[in-house]
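Here is the file model-v3.txt (compact mmCIF, C-alpha atoms and all ligand atoms).
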# COMPACT_ATOMS: atom_id res chain seq x y z
CA MET A 1 -18.00 12.68 3.30
CA ASP A 2 -15.94 15.77 2.63
CA LEU A 3 -12.20 15.09 2.51
CA SER A 4 -11.40 18.26 4.48
CA TYR A 5 -13.85 17.23 7.19
CA ILE A 6 -12.40 13.74 7.42
CA LEU A 7 -8.81 14.94 7.71
CA ASN A 8 -9.39 17.88 10.05
CA GLU A 9 -12.35 16.99 12.25
CA LEU A 10 -13.78 13.47 12.02
CA GLY A 11 -13.24 11.50 15.23
CA GLU A 12 -11.70 14.42 17.10
CA GLU A 13 -13.65 15.21 20.29
CA ARG A 14 -11.47 18.16 21.26
CA SER A 15 -13.59 19.18 24.24
CA GLN A 16 -12.55 15.90 25.88
CA TYR A 17 -8.91 16.93 25.88
CA PHE A 18 -8.76 20.63 26.82
CA ASN A 19 -9.73 21.75 23.26
CA ALA A 20 -6.23 20.89 22.13
CA VAL A 21 -6.12 21.07 18.33
CA ALA A 22 -3.77 18.10 18.03
CA PRO A 23 -5.07 14.91 19.66
CA PRO A 24 -3.27 13.42 22.66
CA ILE A 25 -1.07 10.36 22.37
CA MET A 26 -2.90 8.11 24.83
CA GLN A 27 0.21 6.27 25.90
CA THR A 28 -1.38 3.71 28.20
CA SER A 29 -1.46 -0.06 28.09
CA ASN A 30 -4.68 -0.49 30.08
CA PHE A 31 -7.90 1.22 31.18
CA ALA A 32 -9.50 1.08 34.65
CA PHE A 33 -13.11 0.20 35.53
CA ARG A 34 -15.28 1.09 38.56
CA LYS A 35 -18.00 -1.51 37.92
CA VAL A 36 -17.63 -5.28 37.62
CA ASP A 37 -20.41 -5.39 35.02
CA GLU A 38 -18.67 -2.80 32.86
CA LEU A 39 -15.44 -4.79 32.99
CA GLY A 40 -17.47 -7.87 32.00
CA LYS A 41 -18.95 -6.00 29.03
CA ALA A 42 -15.48 -5.02 27.86
CA PHE A 43 -14.41 -8.69 28.02
CA ASP A 44 -17.40 -9.64 25.87
CA ASP A 45 -16.71 -7.10 23.13
CA GLU A 46 -13.22 -5.66 23.19
CA MET A 47 -13.73 -3.79 19.96
CA SER A 48 -16.41 -1.48 21.31
CA GLY A 49 -14.59 -0.17 24.37
CA TYR A 50 -11.23 0.53 25.96
CA LEU A 51 -9.78 -2.38 27.92
CA TYR A 52 -6.19 -2.95 26.84
CA SER A 53 -4.09 -1.24 24.14
CA ARG A 54 -3.30 -4.45 22.25
CA GLY A 55 -6.90 -3.90 21.16
CA ILE A 56 -8.43 -0.44 20.93
CA ASN A 57 -6.94 2.83 22.17
CA PRO A 58 -8.41 6.38 21.93
CA THR A 59 -5.63 7.76 19.69
CA LEU A 60 -6.04 4.75 17.41
CA ASP A 61 -9.82 5.26 17.34
CA ILE A 62 -9.47 8.73 15.85
CA LEU A 63 -7.24 7.29 13.16
CA ARG A 64 -9.55 4.34 12.44
CA GLN A 65 -12.52 6.61 11.87
CA LYS A 66 -10.60 8.78 9.44
CA LEU A 67 -9.12 5.86 7.51
CA ALA A 68 -12.48 4.07 7.21
CA ALA A 69 -14.17 7.24 5.96
CA LEU A 70 -11.38 7.88 3.44
CA ASP A 71 -11.95 4.40 1.99
CA GLY A 72 -15.74 4.75 2.01
CA ALA A 73 -15.75 1.73 4.34
CA GLU A 74 -17.67 1.02 7.55
CA ASP A 75 -14.60 0.33 9.63
CA ALA A 76 -10.81 0.01 9.58
CA LEU A 77 -8.03 -1.67 11.57
CA VAL A 78 -4.47 -0.37 11.80
CA PHE A 79 -1.44 -2.62 12.15
CA ASN A 80 2.20 -2.28 13.02
CA SER A 81 3.14 -2.82 9.35
CA GLY A 82 1.60 -3.33 5.94
CA ALA A 83 2.87 -6.90 6.02
CA ALA A 84 0.99 -7.54 9.29
CA ALA A 85 -2.19 -6.11 7.73
CA ILE A 86 -1.85 -8.48 4.76
CA PHE A 87 -1.17 -11.43 7.05
CA ALA A 88 -4.24 -10.82 9.21
CA ALA A 89 -6.59 -10.10 6.29
CA VAL A 90 -5.64 -13.29 4.45
CA LEU A 91 -5.32 -15.59 7.47
CA ALA A 92 -8.78 -14.65 8.74
CA ASN A 93 -10.32 -15.88 5.50
CA VAL A 94 -8.65 -19.25 4.93
CA LYS A 95 -8.58 -22.66 6.61
CA THR A 96 -6.91 -25.98 5.80
CA GLY A 97 -7.91 -27.21 2.35
CA ASP A 98 -8.76 -23.76 1.00
CA HIS A 99 -7.43 -22.22 -2.19
CA ILE A 100 -6.34 -18.66 -2.98
CA VAL A 101 -6.19 -16.99 -6.38
CA SER A 102 -3.60 -14.21 -6.38
CA VAL A 103 -2.31 -11.84 -9.01
CA LYS A 104 1.23 -12.79 -10.01
CA SER A 105 4.14 -11.02 -8.30
CA PRO A 106 2.19 -9.44 -5.46
CA TYR A 107 4.11 -7.56 -2.75
CA THR A 108 7.10 -9.68 -1.59
CA TRP A 109 5.75 -10.56 1.84
CA ALA A 110 2.29 -11.41 0.54
CA GLN A 111 3.94 -13.83 -1.86
CA ARG A 112 6.11 -15.22 0.95
CA MET A 113 2.98 -15.92 2.98
CA PHE A 114 1.36 -17.72 0.03
CA ASP A 115 4.51 -19.70 -0.88
CA VAL A 116 6.06 -20.53 2.48
CA ILE A 117 3.66 -20.13 5.40
CA LEU A 118 0.19 -21.07 4.15
CA PRO A 119 1.26 -24.35 2.45
CA ARG A 120 2.30 -25.58 5.92
CA PHE A 121 -1.39 -25.39 6.82
CA GLY A 122 -2.67 -26.92 3.59
CA VAL A 123 -3.66 -23.70 1.83
CA GLU A 124 -2.67 -23.52 -1.82
CA THR A 125 -2.27 -20.44 -4.04
CA THR A 126 -2.61 -20.11 -7.81
CA TYR A 127 -1.00 -17.05 -9.43
CA ILE A 128 -2.60 -15.51 -12.48
CA ASP A 129 -2.14 -12.61 -14.85
CA GLY A 130 -4.79 -10.35 -13.36
CA THR A 131 -5.04 -8.05 -16.36
CA GLN A 132 -7.59 -10.44 -17.96
CA ILE A 133 -10.84 -11.13 -16.14
CA GLU A 134 -11.14 -14.57 -17.83
CA ASN A 135 -8.07 -15.69 -15.92
CA PHE A 136 -9.99 -15.28 -12.66
CA HIS A 137 -12.93 -17.26 -14.05
CA GLN A 138 -10.58 -20.09 -15.04
CA ALA A 139 -8.49 -20.18 -11.86
CA VAL A 140 -11.19 -20.38 -9.19
CA ARG A 141 -12.07 -23.75 -7.74
CA PRO A 142 -14.94 -24.85 -5.51
CA ASN A 143 -12.59 -24.39 -2.51
CA THR A 144 -11.36 -20.89 -3.44
CA THR A 145 -12.06 -18.56 -0.52
CA VAL A 146 -9.83 -15.56 -1.28
CA ILE A 147 -8.95 -13.55 -4.38
CA TYR A 148 -5.87 -11.42 -3.70
CA LEU A 149 -5.31 -8.29 -5.81
CA GLU A 150 -2.78 -5.49 -6.03
CA SER A 151 -3.80 -2.69 -8.37
CA PRO A 152 -1.60 -1.16 -9.58
CA ASN A 153 1.27 -3.53 -8.78
CA SER A 154 4.17 -1.60 -7.22
CA TRP A 155 6.73 -2.87 -9.78
CA SER A 156 4.89 -3.72 -13.01
CA TYR A 157 1.91 -1.39 -12.37
CA ALA A 158 -0.38 -4.12 -13.76
CA LEU A 159 -4.01 -3.38 -12.93
CA GLN A 160 -7.08 -5.49 -12.35
CA ASP A 161 -10.58 -4.38 -13.29
CA LEU A 162 -11.68 -4.07 -9.65
CA ARG A 163 -15.42 -3.75 -10.34
CA ALA A 164 -15.43 -6.81 -12.60
CA VAL A 165 -13.39 -8.98 -10.21
CA ALA A 166 -15.51 -7.88 -7.23
CA ALA A 167 -18.78 -8.68 -9.03
CA PHE A 168 -17.51 -12.12 -10.07
CA ALA A 169 -16.22 -12.94 -6.57
CA ARG A 170 -19.44 -11.79 -4.87
CA GLU A 171 -21.42 -14.15 -7.03
CA LYS A 172 -19.16 -17.03 -5.96
CA GLY A 173 -18.99 -16.04 -2.29
CA ILE A 174 -15.22 -15.46 -2.48
CA VAL A 175 -13.61 -12.74 -0.32
CA THR A 176 -11.66 -10.13 -2.32
CA ILE A 177 -8.64 -8.34 -0.86
CA CYS A 178 -6.91 -5.51 -2.72
CA ASP A 179 -3.55 -3.91 -1.92
CA ASN A 180 -4.22 -0.21 -2.60
CA SER A 181 -0.85 1.16 -1.41
CA TYR A 182 -0.04 2.71 -4.79
CA CYS A 183 -3.10 4.95 -5.07
CA THR A 184 -4.08 5.52 -1.44
CA PRO A 185 -7.82 6.08 -0.82
CA VAL A 186 -7.43 9.62 -2.17
CA TYR A 187 -6.92 8.25 -5.69
CA GLN A 188 -8.74 4.88 -5.57
CA ARG A 189 -11.38 3.37 -3.27
CA PRO A 190 -11.64 -0.39 -3.84
CA VAL A 191 -14.38 -0.90 -1.21
CA GLU A 192 -16.65 1.46 -3.15
CA MET A 193 -16.07 -0.75 -6.20
CA GLY A 194 -17.25 -3.84 -4.31
CA ILE A 195 -13.92 -5.18 -2.96
CA ASP A 196 -14.35 -6.70 0.52
CA ILE A 197 -11.06 -5.65 2.09
CA SER A 198 -8.92 -2.73 0.95
CA LEU A 199 -5.43 -2.64 2.42
CA GLN A 200 -2.45 -0.40 2.24
CA SER A 201 0.97 0.04 3.68
CA ALA A 202 0.55 3.25 5.70
CA THR A 203 4.35 3.40 5.81
CA LYS A 204 4.08 4.90 2.32
CA TYR A 205 1.75 7.87 1.74
CA ILE A 206 -0.33 7.92 4.94
CA GLY A 207 2.76 8.35 7.12
CA GLY A 208 4.44 10.21 4.29
CA HIS A 209 7.61 11.22 6.15
CA SER A 210 9.63 7.98 6.26
CA ASP A 211 9.41 7.81 10.03
CA VAL A 212 6.76 5.17 10.76
CA VAL A 213 5.98 1.61 9.63
CA ALA A 214 2.25 0.77 9.60
CA GLY A 215 -0.57 -0.89 7.66
CA VAL A 216 -4.33 -0.51 7.28
CA ILE A 217 -7.25 -2.69 6.29
CA SER A 218 -10.80 -1.47 5.77
CA GLY A 219 -14.13 -3.05 4.92
CA SER A 220 -17.47 -3.91 6.51
CA HIS A 221 -17.77 -3.70 10.27
CA ALA A 222 -18.53 -7.44 10.37
CA MET A 223 -15.32 -8.29 8.48
CA MET A 224 -13.22 -5.94 10.64
CA LYS A 225 -14.71 -7.42 13.82
CA LYS A 226 -14.04 -10.96 12.62
CA ILE A 227 -10.38 -10.05 12.04
CA PHE A 228 -10.11 -8.02 15.24
CA ASP A 229 -11.50 -10.77 17.47
CA SER A 230 -9.03 -13.35 16.19
CA GLU A 231 -5.90 -12.42 14.19
CA TYR A 232 -5.60 -8.80 15.32
CA LEU A 233 -5.78 -9.54 19.04
CA ASN A 234 -4.03 -12.87 18.83
CA ILE A 235 -1.00 -11.92 16.74
CA GLY A 236 -0.86 -8.64 18.66
CA SER A 237 0.28 -6.69 15.63
CA GLY A 238 -1.91 -3.63 16.20
CA ILE A 239 -0.32 -0.20 15.99
CA GLN A 240 1.00 1.58 19.09
CA PRO A 241 -0.45 4.98 20.14
CA PHE A 242 2.55 7.09 19.15
CA ASN A 243 2.66 5.63 15.65
CA ALA A 244 -1.12 6.06 15.35
CA TRP A 245 -0.60 9.71 16.22
CA LEU A 246 2.11 10.07 13.55
CA LEU A 247 -0.34 8.70 10.98
CA ILE A 248 -3.04 11.20 12.02
CA ARG A 249 -0.43 13.90 11.54
CA GLY A 250 0.52 12.46 8.14
CA LEU A 251 -3.12 12.41 7.04
CA ARG A 252 -3.48 16.18 7.49
CA THR A 253 -1.26 16.82 4.47
CA LEU A 254 -2.01 13.70 2.40
CA PRO A 255 -3.99 15.38 -0.43
CA ILE A 256 -1.57 18.27 -0.78
CA ARG A 257 1.45 15.94 -0.85
CA LEU A 258 -0.21 13.77 -3.49
CA LYS A 259 -1.06 16.85 -5.55
CA GLN A 260 2.57 17.97 -5.50
CA VAL A 261 3.83 14.46 -6.30
CA THR A 262 1.35 14.16 -9.20
CA GLU A 263 2.57 17.44 -10.74
CA THR A 264 6.22 16.50 -10.31
CA THR A 265 5.61 13.03 -11.75
CA SER A 266 4.05 14.30 -14.96
CA ARG A 267 7.00 16.66 -15.52
CA VAL A 268 9.62 14.00 -14.79
CA VAL A 269 7.80 11.41 -16.95
CA GLU A 270 7.90 13.84 -19.88
CA TYR A 271 11.60 14.42 -19.29
CA LEU A 272 12.34 10.68 -19.09
CA LYS A 273 10.28 9.80 -22.17
CA ASN A 274 12.42 12.17 -24.21
CA HIS A 275 15.79 11.03 -22.85
CA PRO A 276 17.89 8.95 -25.27
CA LYS A 277 19.12 6.64 -22.45
CA VAL A 278 15.56 5.68 -21.54
CA GLU A 279 14.07 2.88 -23.60
CA GLU A 280 10.71 2.89 -21.86
CA VAL A 281 8.87 4.64 -19.03
CA ILE A 282 6.31 2.50 -17.24
CA PHE A 283 3.68 4.62 -15.49
CA PRO A 284 -0.01 3.64 -15.36
CA LEU A 285 -1.32 7.13 -16.10
CA ASP A 286 0.80 7.65 -19.18
CA PRO A 287 -1.09 7.13 -22.46
CA SER A 288 1.59 4.63 -23.54
CA PHE A 289 0.66 2.28 -20.66
CA PRO A 290 -1.23 -0.80 -21.98
CA GLN A 291 -4.00 -0.46 -19.38
CA TYR A 292 -4.21 3.33 -19.51
CA GLU A 293 -7.98 3.33 -20.20
CA LEU A 294 -8.70 1.12 -17.17
CA ALA A 295 -6.36 3.24 -15.03
CA LYS A 296 -8.29 6.38 -15.97
CA LYS A 297 -11.57 4.62 -15.29
CA GLN A 298 -10.86 3.38 -11.76
CA MET A 299 -8.10 5.66 -10.47
CA ASP A 300 -8.41 9.39 -9.82
CA GLY A 301 -4.65 9.78 -9.96
CA GLY A 302 -1.30 8.07 -9.81
CA CYS A 303 1.55 8.43 -7.37
CA GLY A 304 5.25 9.16 -7.64
CA LEU A 305 6.29 5.59 -8.36
CA LEU A 306 7.37 4.66 -11.89
CA THR A 307 9.90 2.44 -13.63
CA ILE A 308 12.32 3.14 -16.44
CA VAL A 309 14.06 0.65 -18.70
CA TYR A 310 17.62 1.84 -19.15
CA LYS A 311 18.87 1.65 -22.74
CA THR A 312 22.24 -0.07 -22.40
CA ASP A 313 23.87 -3.47 -22.62
CA SER A 314 26.16 -2.73 -19.70
CA ARG A 315 25.41 -3.33 -16.04
CA LYS A 316 28.27 -0.95 -15.22
CA GLU A 317 26.46 1.91 -16.91
CA ILE A 318 23.36 1.35 -14.76
CA VAL A 319 25.55 1.15 -11.66
CA ARG A 320 27.32 4.40 -12.58
CA PHE A 321 23.99 6.14 -13.17
CA CYS A 322 22.64 5.03 -9.78
CA GLU A 323 25.81 5.90 -7.89
CA SER A 324 26.08 9.31 -9.56
CA LEU A 325 22.76 10.64 -8.28
CA GLN A 326 23.48 13.38 -5.78
CA HIS A 327 20.03 13.93 -4.27
CA MET A 328 17.90 10.90 -5.08
CA MET A 329 18.82 8.19 -2.60
CA MET A 330 19.08 4.45 -3.15
CA ALA A 331 16.69 2.82 -0.66
CA VAL A 332 13.68 0.55 -0.35
CA SER A 333 10.21 1.81 0.45
CA TRP A 334 8.55 4.92 -1.00
CA GLY A 335 5.78 7.40 -0.25
CA GLY A 336 7.94 9.70 1.88
CA HIS A 337 9.21 13.22 1.24
CA GLU A 338 12.46 12.02 -0.33
CA SER A 339 13.02 10.75 -3.84
CA LEU A 340 14.46 7.24 -4.18
CA ILE A 341 15.63 4.70 -6.71
CA ILE A 342 16.08 0.92 -6.76
CA PRO A 343 17.81 -0.74 -9.71
CA ARG A 344 16.48 -4.23 -10.45
CA CYS A 345 20.06 -5.40 -11.03
CA ALA A 346 20.81 -4.94 -7.30
CA GLY A 347 18.94 -8.23 -6.77
CA ILE A 348 20.64 -10.04 -9.66
CA LYS A 349 24.16 -11.48 -9.40
CA PRO A 350 26.44 -9.51 -11.79
CA GLU A 351 27.32 -12.68 -13.72
CA HIS A 352 23.61 -13.34 -14.32
CA PHE A 353 22.93 -9.85 -15.70
CA ASN A 354 21.42 -10.24 -19.17
CA PRO A 355 20.71 -6.99 -21.02
CA GLU A 356 18.36 -8.83 -23.37
CA LYS A 357 16.01 -9.19 -20.42
CA LYS A 358 14.19 -5.89 -20.06
CA GLU A 359 13.61 -6.47 -16.32
CA HIS A 360 17.35 -6.56 -15.67
CA ARG A 361 17.63 -3.00 -16.97
CA MET A 362 14.72 -1.66 -14.94
CA ILE A 363 15.15 1.07 -12.35
CA ARG A 364 12.26 1.93 -10.08
CA ILE A 365 12.09 5.62 -9.36
CA TYR A 366 10.10 7.19 -6.56
CA LEU A 367 9.50 10.93 -6.82
CA GLY A 368 9.06 12.71 -3.50
CA LEU A 369 8.37 16.31 -2.57
CA GLU A 370 11.48 17.98 -4.01
CA SER A 371 10.85 20.29 -6.97
CA ALA A 372 10.68 18.77 -10.45
CA ASP A 373 13.56 20.99 -11.63
CA TYR A 374 15.79 19.83 -8.79
CA LEU A 375 15.10 16.16 -9.58
CA ILE A 376 15.43 16.52 -13.35
CA ALA A 377 18.80 18.25 -12.89
CA ASP A 378 19.96 15.36 -10.70
CA LEU A 379 18.77 12.71 -13.19
CA ASP A 380 20.34 14.65 -16.04
CA GLN A 381 23.82 14.82 -14.52
CA ALA A 382 23.61 11.12 -13.55
CA PHE A 383 22.65 10.09 -17.11
CA GLY A 384 25.65 12.14 -18.22
CA ALA A 385 27.91 10.16 -15.88
CA GLY A 386 26.33 6.79 -16.76
C1 LIG B 1 5.60 -1.51 1.35
C2 LIG B 1 4.47 -2.29 0.79
C3 LIG B 1 3.76 -3.23 1.56
C4 LIG B 1 4.18 -3.63 2.97
O1 LIG B 1 4.13 -2.61 3.85
P1 LIG B 1 5.09 -2.51 5.14
O2 LIG B 1 4.51 -1.35 5.84
O3 LIG B 1 6.47 -2.30 4.62
O4 LIG B 1 4.99 -3.78 5.90
C5 LIG B 1 2.68 -3.86 1.00
N1 LIG B 1 2.32 -3.61 -0.28
C6 LIG B 1 2.97 -2.73 -1.06
C7 LIG B 1 2.52 -2.52 -2.44
C8 LIG B 1 4.07 -2.06 -0.55
O5 LIG B 1 4.73 -1.21 -1.33
If you took the structure in this file and wrote it as structure tokens, what would it be?
Ligand SMILES: *Cc1c(COP(=O)(O)O)cnc(C)c1O
Amino acid sequence: MDLSYILNELGEERSQYFNAVAPPIMQTSNFAFRKVDELGKAFDDEMSGYLYSRGINPTLDILRQKLAALDGAEDALVFNSGAAAIFAAVLANVKTGDHIVSVKSPYTWAQRMFDVILPRFGVETTYIDGTQIENFHQAVRPNTTVIYLESPNSWSYALQDLRAVAAFAREKGIVTICDNSYCTPVYQRPVEMGIDISLQSATKYIGGHSDVVAGVISGSHAMMKKIFDSEYLNIGSGIQPFNAWLLIRGLRTLPIRLKQVTETTSRVVEYLKNHPKVEEVIFPLDPSFPQYELAKKQMDGGCGLLTIVYKTDSRKEIVRFCESLQHMMMAVSWGGHESLIIPRCAGIKPEHFNPEKKEHRMIRIYLGLESADYLIADLDQAFGAG
């Protein structure tokens, strides 16, 4: 389906709302019925009609159609956060006694679910280095029901060969889930490569303006209905109409924002690679990246997230660099209009800082929509101060 059609028209029945170009925010909790039998039908299948906004809502429906089409999937569900999307997708596919194989160091709250919550219900997780397909072959057990992927990882940028993992899992009847937040469906479509559930934090690029927290999963209609009928309705973590509307608005400019970010990123990566204070730039679409060939094969582009290793043996120097930036802010999250940094050492007690450990000197940089020149000038003066 044409990207322009998806973003501008799909799902939008404008004649139903006065030919307004922008869709209405259907801010209602419930929907009225005239016929007892129609109410009964809505009870039987809440996903196919409007009954109550913890389930489906017309503003949300427009968004779901667009997000499913973007992913090349049959259907999509939208949650109140990326973390809620992860929780529902995983929980729906495990029961007591089951086993999960996950890539190591997945998103913090995915890992928290695997380490803290699921063990309470007798579900065990094995972490593997997902860069080698053999590691998946070795880690699965007869009771493995889920393989959890994140490609690229949002800190290490490690990739998995999505087609190979999907083919292996299909053969074994294991459900595959892939966190696709880094690429968005514009740059990578896991479902088209055979992954069962693609998920993303819509807080990042879909929203794109740092004003909404949301998450998406997509896959077959059967899988989405299974999740909708249990976890989605029961946890009640579906997105509210106003936030759904903000995501529709974000989608309109998604490709153009990504295009700008991609251009800026290649300029800033070049700058950083040539800076004497930078030991290493980690970015999956740079030829120096160990999995560059795989990245080119399965991704149509990268985003504005990259990591540098600061060349220094002093924590103070990293701190000075970070605190000297005038325009790039220090904050979590990414995918918005504004450029951000997070130094790894913020999560390490100063007395434990060890410059021999490369990770301790890492700074994650997110490049937003400011011009490359503006950002390079800011980085340059901060390196000067550091
Ligand atoms: C932010 C993020 C999430 C979680 O999304 P929230 O919307 O913050 O709950 C999941 N995965 C990745 C890779 C993320 O960066």
### Task
For ligand LIG 1 (chain B), list the contacting residues at 6 Å or closer, counting only C-alpha atoms and all ligand atoms, as a count of residues only.
12
### Separation of CA of Leu251 (chain A) from CA of Asp300 (chain A), in Å and rounded to one decimal
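For CA of Leu251 (chain A) relative to CA of Asp300 (chain A), the distance reads 17.9 Å.
Relative to CA of Val101 (chain A), CA of Val140 (chain A) is found at 6.7 Å.
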### Query
With distances taken over only C-alpha atoms, which of A:Val268, A:Leu91, A:Leu159, A:Leu149 is nearest to Lys296 (chain A)?
A:Leu159
### Query
For Gln27 (chain A), which residue out of A:Pro241, A:Pro284, A:Gly122, A:Gly301 is the nearest one, using all atoms listed in the file?
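Result for the nearest residue to Gln27 (chain A): A:Pro241.
The interatomic distance for the pair CA of Asn243 (chain A) and CA of Trp334 (chain A) works out to 17.7 Å.
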### Message
So that I can check the surroundings of region 380-383 of chain A, please list as an MDAnalysis selection string every protein, DNA and RNA residue that reaches within 9 Å of it, counting all atoms listed in the file and ignoring chain neighbours fewer than 6 positions away.
### Response
chainID A and resid 275 277 320:326
### Task
Give the answer as one residue: which of A:Val21, A:Ile6, A:Val90, A:Ala68 has the shortest atom-to-atom distance to Val123 (chain A), using all atoms listed in the file?
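Using all atoms listed in the file, Val123 (chain A) sits closest to A:Val90.
Summary of the local environment: counting only C-alpha atoms, residues at most 7 Å from Leu199 (chain A), other than itself and those fewer than 3 positions away along its chain, are Cys178, Asp179, Asn180, Val216, Ile217 and Ser218 of chain A.
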